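Below is the file run-v9.txt, which contains compact mmCIF, C-alpha atoms.
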```txt
# COMPACT_ATOMS: atom_id res chain seq x y z
CA TYR A 1 -10.27 27.50 92.86
CA PHE A 2 -13.24 25.19 93.43
CA GLU A 3 -15.18 27.98 95.16
CA MET A 4 -14.54 30.34 92.26
CA PHE A 5 -15.51 27.67 89.77
CA MET A 6 -18.82 27.08 91.51
CA LEU A 7 -19.40 30.84 91.88
CA SER A 8 -18.87 31.49 88.18
CA LYS A 9 -20.99 28.54 87.10
CA ARG A 10 -23.82 29.61 89.36
CA LEU A 11 -23.79 33.24 88.27
CA ILE A 12 -23.52 32.36 84.57
CA ALA A 13 -26.57 30.12 84.91
CA VAL A 14 -28.45 32.90 86.71
CA ASN A 15 -27.54 35.42 84.01
CA LEU A 16 -28.66 33.12 81.20
CA PHE A 17 -31.95 32.57 83.02
CA TYR A 18 -32.60 36.29 83.29
CA VAL A 19 -31.62 36.91 79.65
CA CYS A 20 -34.22 34.34 78.62
CA MET A 21 -36.77 36.01 80.89
CA ILE A 22 -36.13 39.39 79.30
CA SER A 23 -36.37 37.97 75.78
CA ASP A 24 -39.63 36.11 76.31
CA GLY A 25 -41.29 37.66 79.35
CA GLU A 26 -44.23 40.02 79.47
CA PRO A 27 -44.26 43.31 81.35
CA ASN A 28 -46.16 43.82 84.57
CA GLU A 29 -49.06 45.93 83.33
CA SER A 30 -50.48 48.26 85.94
CA SER A 31 -53.86 49.94 85.98
CA GLY A 32 -52.53 52.86 88.00
CA ALA A 33 -50.57 55.90 86.87
CA PHE A 34 -47.04 55.19 85.68
CA SER A 35 -44.23 57.70 86.13
CA LEU A 36 -41.49 57.43 83.52
CA SER A 37 -39.24 59.81 85.43
CA ASN A 38 -39.45 57.65 88.57
CA PHE A 39 -38.90 54.53 86.50
CA TRP A 40 -35.70 55.86 84.94
CA GLU A 41 -34.40 57.02 88.30
CA ILE A 42 -34.80 53.52 89.73
CA MET A 43 -33.48 51.88 86.55
CA ASN A 44 -30.32 54.01 86.58
CA GLU A 45 -29.68 53.01 90.19
CA ALA A 46 -30.13 49.34 89.27
CA VAL A 47 -27.68 49.64 86.36
CA LYS A 48 -25.18 51.46 88.57
CA SER A 49 -25.42 48.63 91.09
CA VAL A 50 -24.63 45.98 88.45
CA SER A 51 -21.62 48.00 87.29
CA GLN A 52 -20.33 48.32 90.85
CA GLU A 53 -20.79 44.61 91.57
CA ALA A 54 -18.94 43.73 88.37
CA THR A 55 -16.07 45.95 89.50
CA LYS A 56 -15.97 44.30 92.94
CA LEU A 57 -16.03 40.86 91.35
CA SER A 58 -13.20 41.69 88.97
CA VAL A 59 -11.03 43.27 91.68
CA MET A 60 -11.60 40.30 94.01
CA PHE A 61 -10.07 37.94 91.46
CA SER A 62 -7.42 40.29 90.07
CA LYS A 63 -4.57 39.13 92.33
CA PRO A 64 -3.77 36.34 94.78
CA PRO A 65 -4.79 35.05 97.17
CA LEU A 66 -8.11 33.83 95.86
CA PRO A 67 -11.11 34.76 98.03
CA SER A 68 -12.37 32.37 100.66
CA GLU A 69 -15.52 30.34 100.27
CA GLU A 70 -17.34 32.76 102.55
CA ARG A 71 -16.37 35.75 100.40
CA CYS A 72 -17.31 33.86 97.23
CA VAL A 73 -20.77 33.17 98.60
CA LYS A 74 -21.17 36.79 99.68
CA ILE A 75 -20.16 38.27 96.32
CA ALA A 76 -22.32 35.72 94.49
CA GLN A 77 -25.35 36.77 96.50
CA SER A 78 -24.56 40.43 95.92
CA VAL A 79 -24.14 40.04 92.15
CA GLN A 80 -27.26 37.91 91.91
CA LYS A 81 -29.25 40.51 93.85
CA SER A 82 -28.14 43.29 91.47
CA VAL A 83 -29.08 41.19 88.43
CA LEU A 84 -32.48 40.35 89.91
CA THR A 85 -33.13 44.02 90.65
CA LEU A 86 -32.17 45.06 87.11
CA THR A 87 -34.46 42.52 85.46
CA THR A 88 -37.29 43.27 87.88
CA VAL A 89 -37.14 46.99 87.13
CA TYR A 90 -37.07 46.26 83.39
CA PHE A 91 -40.36 44.38 83.73
CA TRP A 92 -41.91 47.38 85.43
CA LEU A 93 -42.01 49.25 82.12
CA PRO A 94 -45.45 48.49 80.61
CA LYS A 95 -46.10 48.13 76.90
CA SER A 96 -48.53 51.01 77.19
CA GLN A 97 -45.47 53.28 77.42
CA GLY A 98 -44.41 52.14 73.97
CA VAL A 99 -43.21 48.90 72.44
CA THR A 100 -40.36 50.66 70.63
CA LEU A 101 -39.03 52.10 73.89
CA ARG A 102 -39.38 48.74 75.60
CA LYS A 103 -37.46 46.94 72.83
CA LEU A 104 -34.54 49.34 73.14
CA LEU A 105 -34.52 48.90 76.91
CA ARG A 106 -34.76 45.11 76.55
CA ASP A 107 -31.74 45.03 74.23
CA ALA A 108 -29.72 47.26 76.53
CA THR A 109 -30.59 45.19 79.61
CA ALA A 110 -29.81 41.91 77.85
CA GLN A 111 -26.45 43.34 76.74
CA VAL A 112 -25.49 44.13 80.33
CA LEU A 113 -26.35 40.60 81.44
CA ASP A 114 -24.53 39.08 78.48
CA ASP A 115 -21.38 41.11 79.15
CA LEU A 116 -21.54 40.17 82.83
CA ALA A 117 -21.70 36.51 81.82
CA GLN A 118 -18.61 37.05 79.63
CA LEU A 119 -16.79 38.52 82.63
CA LEU A 120 -17.65 35.43 84.66
CA GLN A 121 -16.37 33.21 81.85
CA ALA A 122 -13.14 35.22 81.79
CA LEU A 123 -12.70 34.71 85.53
CA LEU A 124 -13.37 31.02 85.10
CA SER A 125 -10.77 30.65 82.35
CA SER A 126 -8.02 32.33 84.40
CA PRO A 127 -8.42 30.93 87.92
CA GLY A 128 -4.92 31.75 89.13
CA GLY A 129 -5.96 35.06 90.66
CA SER A 130 -4.08 37.12 88.07
CA LEU A 131 -5.57 40.00 86.04
CA SER A 132 -5.77 38.77 82.44
CA GLN A 133 -6.37 40.86 79.32
CA GLU A 134 -9.64 39.01 78.78
CA GLN A 135 -10.76 39.92 82.28
CA LEU A 136 -9.89 43.58 81.71
CA MET A 137 -11.80 43.68 78.43
CA SER A 138 -14.78 41.87 79.91
CA THR A 139 -14.94 44.25 82.86
CA GLY A 140 -14.77 47.19 80.47
CA GLY A 141 -17.54 45.58 78.43
CA VAL A 142 -19.85 45.57 81.46
CA TRP A 143 -19.02 49.22 82.19
CA ALA A 144 -19.67 50.22 78.57
CA ALA A 145 -22.99 48.36 78.47
CA CYS A 146 -24.09 50.08 81.67
CA ASP A 147 -22.96 53.49 80.40
CA ARG A 148 -25.14 53.07 77.28
CA PHE A 149 -28.21 53.48 79.47
CA ASN A 150 -27.37 57.19 79.69
CA GLN A 151 -27.88 57.49 75.92
CA LEU A 152 -31.14 55.51 75.76
CA PRO A 153 -34.29 57.39 74.71
CA LYS A 154 -36.37 58.18 77.76
CA ASP A 155 -39.82 58.00 76.13
CA ASN A 156 -41.45 56.36 73.12
CA ARG A 157 -41.32 59.49 70.98
CA SER A 158 -37.55 59.67 71.35
CA ALA A 159 -37.28 55.92 70.80
CA VAL A 160 -39.21 56.09 67.54
CA LEU A 161 -37.11 59.04 66.37
CA SER A 162 -33.94 57.00 67.00
CA VAL A 163 -35.34 54.14 64.89
CA LEU A 164 -36.30 56.52 62.07
CA ALA A 165 -32.87 58.14 62.14
CA SER A 166 -31.29 54.70 61.79
CA CYS A 167 -33.52 53.92 58.82
CA VAL A 168 -32.59 57.22 57.17
CA GLY A 169 -28.94 56.28 57.56
CA LEU A 170 -29.47 52.88 55.93
CA VAL A 171 -31.18 54.43 52.92
CA LYS A 172 -28.42 57.04 52.62
CA ASP A 173 -25.76 54.30 52.64
CA ALA A 174 -27.65 52.39 49.95
CA LEU A 175 -27.81 55.45 47.71
CA GLU A 176 -24.09 56.07 48.12
CA GLU A 177 -23.35 52.47 47.16
CA MET A 178 -25.50 52.81 44.04
CA GLU A 179 -23.81 56.06 43.03
CA GLN A 180 -20.36 54.56 43.54
CA ALA A 181 -21.26 51.49 41.51
CA LEU A 182 -22.53 53.62 38.65
CA ALA A 183 -19.49 55.89 38.79
CA GLU A 184 -17.17 52.92 38.52
CA ALA A 185 -19.37 51.27 35.90
CA GLN A 186 -18.99 48.13 37.95
CA ASP A 187 -21.64 45.64 39.00
CA PRO A 188 -21.71 45.59 42.85
CA PHE A 189 -22.27 41.84 42.71
CA GLY A 190 -19.32 41.21 40.41
CA ASP A 191 -17.05 40.16 43.27
CA VAL A 192 -19.10 37.02 43.81
CA LEU A 193 -18.24 35.69 40.36
CA ASP A 194 -15.66 32.93 40.08
CA ASP A 195 -12.10 34.06 39.37
CA GLU A 196 -11.97 31.93 36.27
CA ASP A 197 -14.71 34.00 34.64
CA ASP A 198 -12.17 36.42 33.22
CA ASP A 199 -12.93 35.95 29.54
CA ASP A 200 -14.70 38.54 27.44
CA GLU A 201 -18.10 37.08 28.16
CA GLY A 202 -17.45 37.15 31.88
CA ASN A 203 -16.23 40.74 31.78
CA GLN A 204 -19.34 41.72 29.94
CA ASP A 205 -21.44 40.45 32.86
CA THR A 206 -19.52 42.43 35.46
CA HIS A 207 -20.32 45.88 34.02
CA TRP A 208 -23.51 47.88 33.83
CA SER A 209 -25.12 47.89 30.41
CA GLU A 210 -27.03 50.96 29.27
CA ALA A 211 -30.28 49.22 30.16
CA ASP A 212 -28.88 48.43 33.62
CA ARG A 213 -27.98 52.09 34.08
CA LEU A 214 -31.48 53.22 33.20
CA LEU A 215 -32.93 50.66 35.57
CA ILE A 216 -30.65 51.47 38.48
CA ALA A 217 -31.37 55.17 37.98
CA GLN A 218 -35.05 54.46 38.58
CA CYS A 219 -34.16 52.37 41.61
CA GLN A 220 -32.19 55.35 42.86
CA GLY A 221 -35.30 57.46 42.41
CA LEU A 222 -37.24 54.98 44.50
CA MET A 223 -34.64 55.05 47.26
CA LYS A 224 -34.60 58.86 47.18
CA ALA A 225 -38.37 58.83 47.63
CA SER A 226 -37.91 56.44 50.57
CA GLY A 227 -35.27 58.67 52.13
CA ALA A 228 -37.39 61.78 51.65
CA SER A 229 -40.38 60.03 53.22
CA LEU A 230 -38.37 58.98 56.27
CA ARG A 231 -36.85 62.44 56.72
CA ARG A 232 -40.27 64.07 56.46
CA LEU A 233 -41.67 61.52 58.87
CA CYS A 234 -38.88 62.30 61.35
CA SER A 235 -39.81 65.95 61.18
CA ALA A 236 -43.51 65.20 61.65
CA VAL A 237 -42.86 62.97 64.67
CA ARG A 238 -40.49 65.52 66.17
CA ASN A 239 -42.88 68.45 65.72
CA ASN A 240 -46.35 66.93 65.97
CA SER A 241 -46.29 63.74 68.01
CA THR A 242 -47.68 63.52 71.51
CA LEU A 243 -47.71 60.81 74.18
CA GLU A 244 -50.96 61.87 75.81
CA THR A 245 -52.90 58.72 74.92
CA GLU A 246 -52.09 55.04 74.45
CA GLU A 247 -53.50 55.31 70.93
CA ASN A 248 -50.92 57.97 70.02
CA ILE A 249 -48.13 55.87 71.52
CA THR A 250 -49.30 52.83 69.53
CA GLN A 251 -49.39 54.88 66.32
CA LEU A 252 -45.76 55.84 66.87
CA ASP A 253 -44.87 52.15 67.33
CA ASP A 254 -46.66 51.34 64.06
CA LEU A 255 -44.63 54.00 62.26
CA ALA A 256 -41.36 52.60 63.62
CA ASP A 257 -42.30 49.04 62.64
CA ALA A 258 -43.23 50.10 59.10
CA ALA A 259 -40.06 52.18 58.68
CA ARG A 260 -37.87 49.23 59.68
CA GLU A 261 -39.21 47.31 56.69
CA ILE A 262 -37.63 49.74 54.23
CA SER A 263 -34.50 47.76 53.57
CA PRO A 264 -31.93 49.14 51.11
CA ARG A 265 -31.03 45.59 50.10
CA CYS A 266 -34.50 45.15 48.63
CA VAL A 267 -33.65 47.52 45.78
CA GLU A 268 -32.42 45.27 43.05
CA TYR A 269 -33.59 45.01 39.50
CA ARG A 270 -35.93 42.14 40.23
CA SER A 271 -39.58 43.01 39.86
CA TRP A 272 -40.86 41.35 43.04
CA ARG A 273 -38.21 43.05 45.18
CA VAL A 274 -38.90 46.46 43.67
CA CYS A 275 -42.62 45.97 44.18
CA LYS A 276 -41.96 45.03 47.80
CA VAL A 277 -40.08 48.28 48.42
CA VAL A 278 -42.89 50.30 46.87
CA CYS A 279 -45.50 48.44 48.93
CA VAL A 280 -43.54 49.08 52.13
CA LEU A 281 -43.04 52.74 51.26
CA LYS A 282 -46.73 53.18 50.51
CA LYS A 283 -47.53 51.45 53.81
CA VAL A 284 -45.32 53.92 55.69
CA LEU A 285 -47.05 56.83 53.97
CA GLU A 286 -50.49 55.36 54.60
CA ILE A 287 -49.80 54.88 58.32
CA THR A 288 -48.34 58.38 58.47
CA ARG A 289 -51.41 59.85 56.78
CA SER A 290 -53.79 58.21 59.27
CA SER A 291 -51.76 59.01 62.39
CA HIS A 292 -51.85 62.03 64.66
CA VAL A 293 -48.39 63.16 63.50
CA CYS A 294 -49.78 64.08 60.08
CA VAL A 295 -51.33 67.53 60.39
CA GLU A 296 -52.94 69.45 57.55
CA THR A 297 -49.65 70.89 56.28
CA ASP A 298 -48.17 67.37 55.99
CA VAL A 299 -50.86 65.96 53.71
CA SER A 300 -49.32 67.46 50.57
CA TRP A 301 -45.89 65.82 50.96
CA VAL A 302 -47.44 62.48 51.87
CA GLU A 303 -49.52 62.52 48.67
CA PHE A 304 -46.61 63.79 46.57
CA LEU A 305 -44.21 61.07 47.74
CA ASN A 306 -46.90 58.43 47.29
CA SER A 307 -47.29 59.55 43.67
CA ALA A 308 -43.51 59.60 43.24
CA ALA A 309 -43.27 56.00 44.42
CA GLU A 310 -45.97 54.93 41.97
CA HIS A 311 -44.24 56.85 39.15
CA ASN A 312 -40.90 55.15 39.82
CA LEU A 313 -42.55 51.75 40.00
CA GLU A 314 -44.23 52.21 36.61
CA LYS A 315 -40.94 53.24 35.00
CA ILE A 316 -39.14 50.27 36.55
CA ARG A 317 -41.86 47.89 35.32
CA SER A 318 -41.52 49.31 31.80
CA LEU A 319 -37.77 48.78 31.86
CA LEU A 320 -38.11 45.24 33.25
CA LEU A 321 -40.48 44.36 30.41
CA SER A 322 -38.05 45.74 27.86
CA PRO A 323 -36.25 42.99 25.86
CA SER A 324 -32.88 44.66 26.48
CA VAL A 325 -33.08 44.17 30.27
```
Turn the structure described in the file into structure tokens.
Amino acid sequence: YFEMFMLSKRLIAVNLFYVCMISDGEPNESSGAFSLSNFWEIMNEAVKSVSQEATKLSVMFSKPPLPSEERCVKIAQSVQKSVLTLTTVYFWLPKSQGVTLRKLLRDATAQVLDDLAQLLQALLSSPGGSLSQEQLMSTGGVWAACDRFNQLPKDNRSAVLSVLASCVGLVKDALEEMEQALAEAQDPFGDVLDDEDDDDEGNQDTHWSEADRLLIAQCQGLMKASGASLRRLCSAVRNNSTLETEENITQLDDLADAAREISPRCVEYRSWRVCKVVCVLKKVLEITRSSHVCVETDVSWVEFLNSAAEHNLEKIRSLLLSPSV
């Protein structure tokens, strides 16, 4: 039991150290040519090794007798080596290949290390050499985290497209929530009111007034413009983007960063929040317009959606200045 305790403590400390390294560390930039295909081949082998070591570790402590001190030391060294290899390979990916891609890889790598640490904690909490439910789930967690590497984007273009697709989904969800709230004639924030506010005055505050409906309709228009912009941007990135230069890769990162700022929760009938959404949307369109993904045929929709955002903002401002709102 003491050997297992020391093994788990040591490996947990090592994992936490490498998680911190991944979160704060800088990549090893290289002046030579970098092969993404070779990188992913080595990375997949490193991930496979961690998964295999986690399996060995779990099996070793799944039934009595507990392993000897010698076996504990051996498996500790083996697990530590696989973790070191994984983090080392992660740092091989330079920022010049795309910050968006690197962030996705960082999160995936940190998840593997975190799940491995949870497995070690599970082993530590059930030292009798029996296979606990927690140990089974933790082992499965490591496997699942390692398997996710197969679904990761393999270049920055694909990484940016995955971010844009996520943003499109968020905007779509926000629109559906607005439509449902209007259909039910119910304020989506009504559930935060105190239960005792059930008098007539309280009920009046939990329903959309006609002015509220007009205002939320314009907010819907703004979100529709945001969704249309993101969908058009996805198409432009998919059809027009290239990774031939670092400048092009950086432009794709800028587009992903700007798109992430379009938050559905910003659309409320408060002037500063509405203005923020419009500013972010215009920023996305401006970056799109100046990037290599915007070819001549894309200029018209960029300008149209920019005008649509301005139009919605002016209508919202007019409604906010109305005495009835």
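In this comparison, which uses all atoms listed in the file, the residue of A:Leu230, A:Asn248, A:Asp257, A:Ser51 approaching Ala145 of chain A most closely is A:Ser51.
Here atom CA of Trp92 of chain A stands at a distance of 9.3 Å from atom CA of Phe34 of chain A.
A straight line drawn from atom CA of Gly221 of chain A to atom CA of Thr100 of chain A is 29.5 Å long.
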* Asked: Expressed in Å to a single decimal, how great is the separation between atom CA of Gly227 of chain A and atom CA of Leu305 of chain A?
  -> 10.2 Å
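In terms of minimum interatomic distance to Thr245 of chain A, A:His292 ranks closest within A:Gln111, A:His292, A:Arg106, A:Glu53, counting only C-alpha atoms.
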* Between A:Leu105, A:Val302, A:Leu116, A:Ala159, which has the minimum distance to Ala228 of chain A (counting all atoms listed in the file)? -> A:Val302
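The shortest atom-to-atom distance to Gln80 of chain A, with all atoms listed in the file taken into account, belongs to A:Leu113 out of A:Leu215, A:Leu113, A:Leu104, A:Ala144.
With distances restricted to all atoms listed in the file, A:Glu134 is the closest residue to Ser58 of chain A from A:Glu261, A:Glu70, A:Asp107, A:Glu134.
Distances to Val89 of chain A were evaluated for A:Gln118, A:Gln218, A:Gln133, A:Asn44 using all atoms listed in the file, and the minimum falls at A:Asn44.
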Can you list every residue of segment 293-319 of chain A that has an atom at most 12 Å from segment 232-240 of chain A, with its nearest atom pair and the distance in Å to one decimal, using only C-alpha atoms, ordered by chain then number, as CSV?
```
residue,atom,partner,partner_atom,distance
A:Val293,CA,A:Asn240,CA,4.9
A:Cys294,CA,A:Ala236,CA,6.6
A:Val295,CA,A:Asn240,CA,7.5
A:Glu296,CA,A:Asn240,CA,11.0
A:Thr297,CA,A:Ala236,CA,9.9
A:Asp298,CA,A:Ala236,CA,7.6
A:Val299,CA,A:Ala236,CA,10.8
A:Ser300,CA,A:Arg232,CA,11.3
A:Trp301,CA,A:Arg232,CA,8.1
A:Val302,CA,A:Arg232,CA,8.7
A:Phe304,CA,A:Arg232,CA,11.8
A:Leu305,CA,A:Arg232,CA,10.0
```
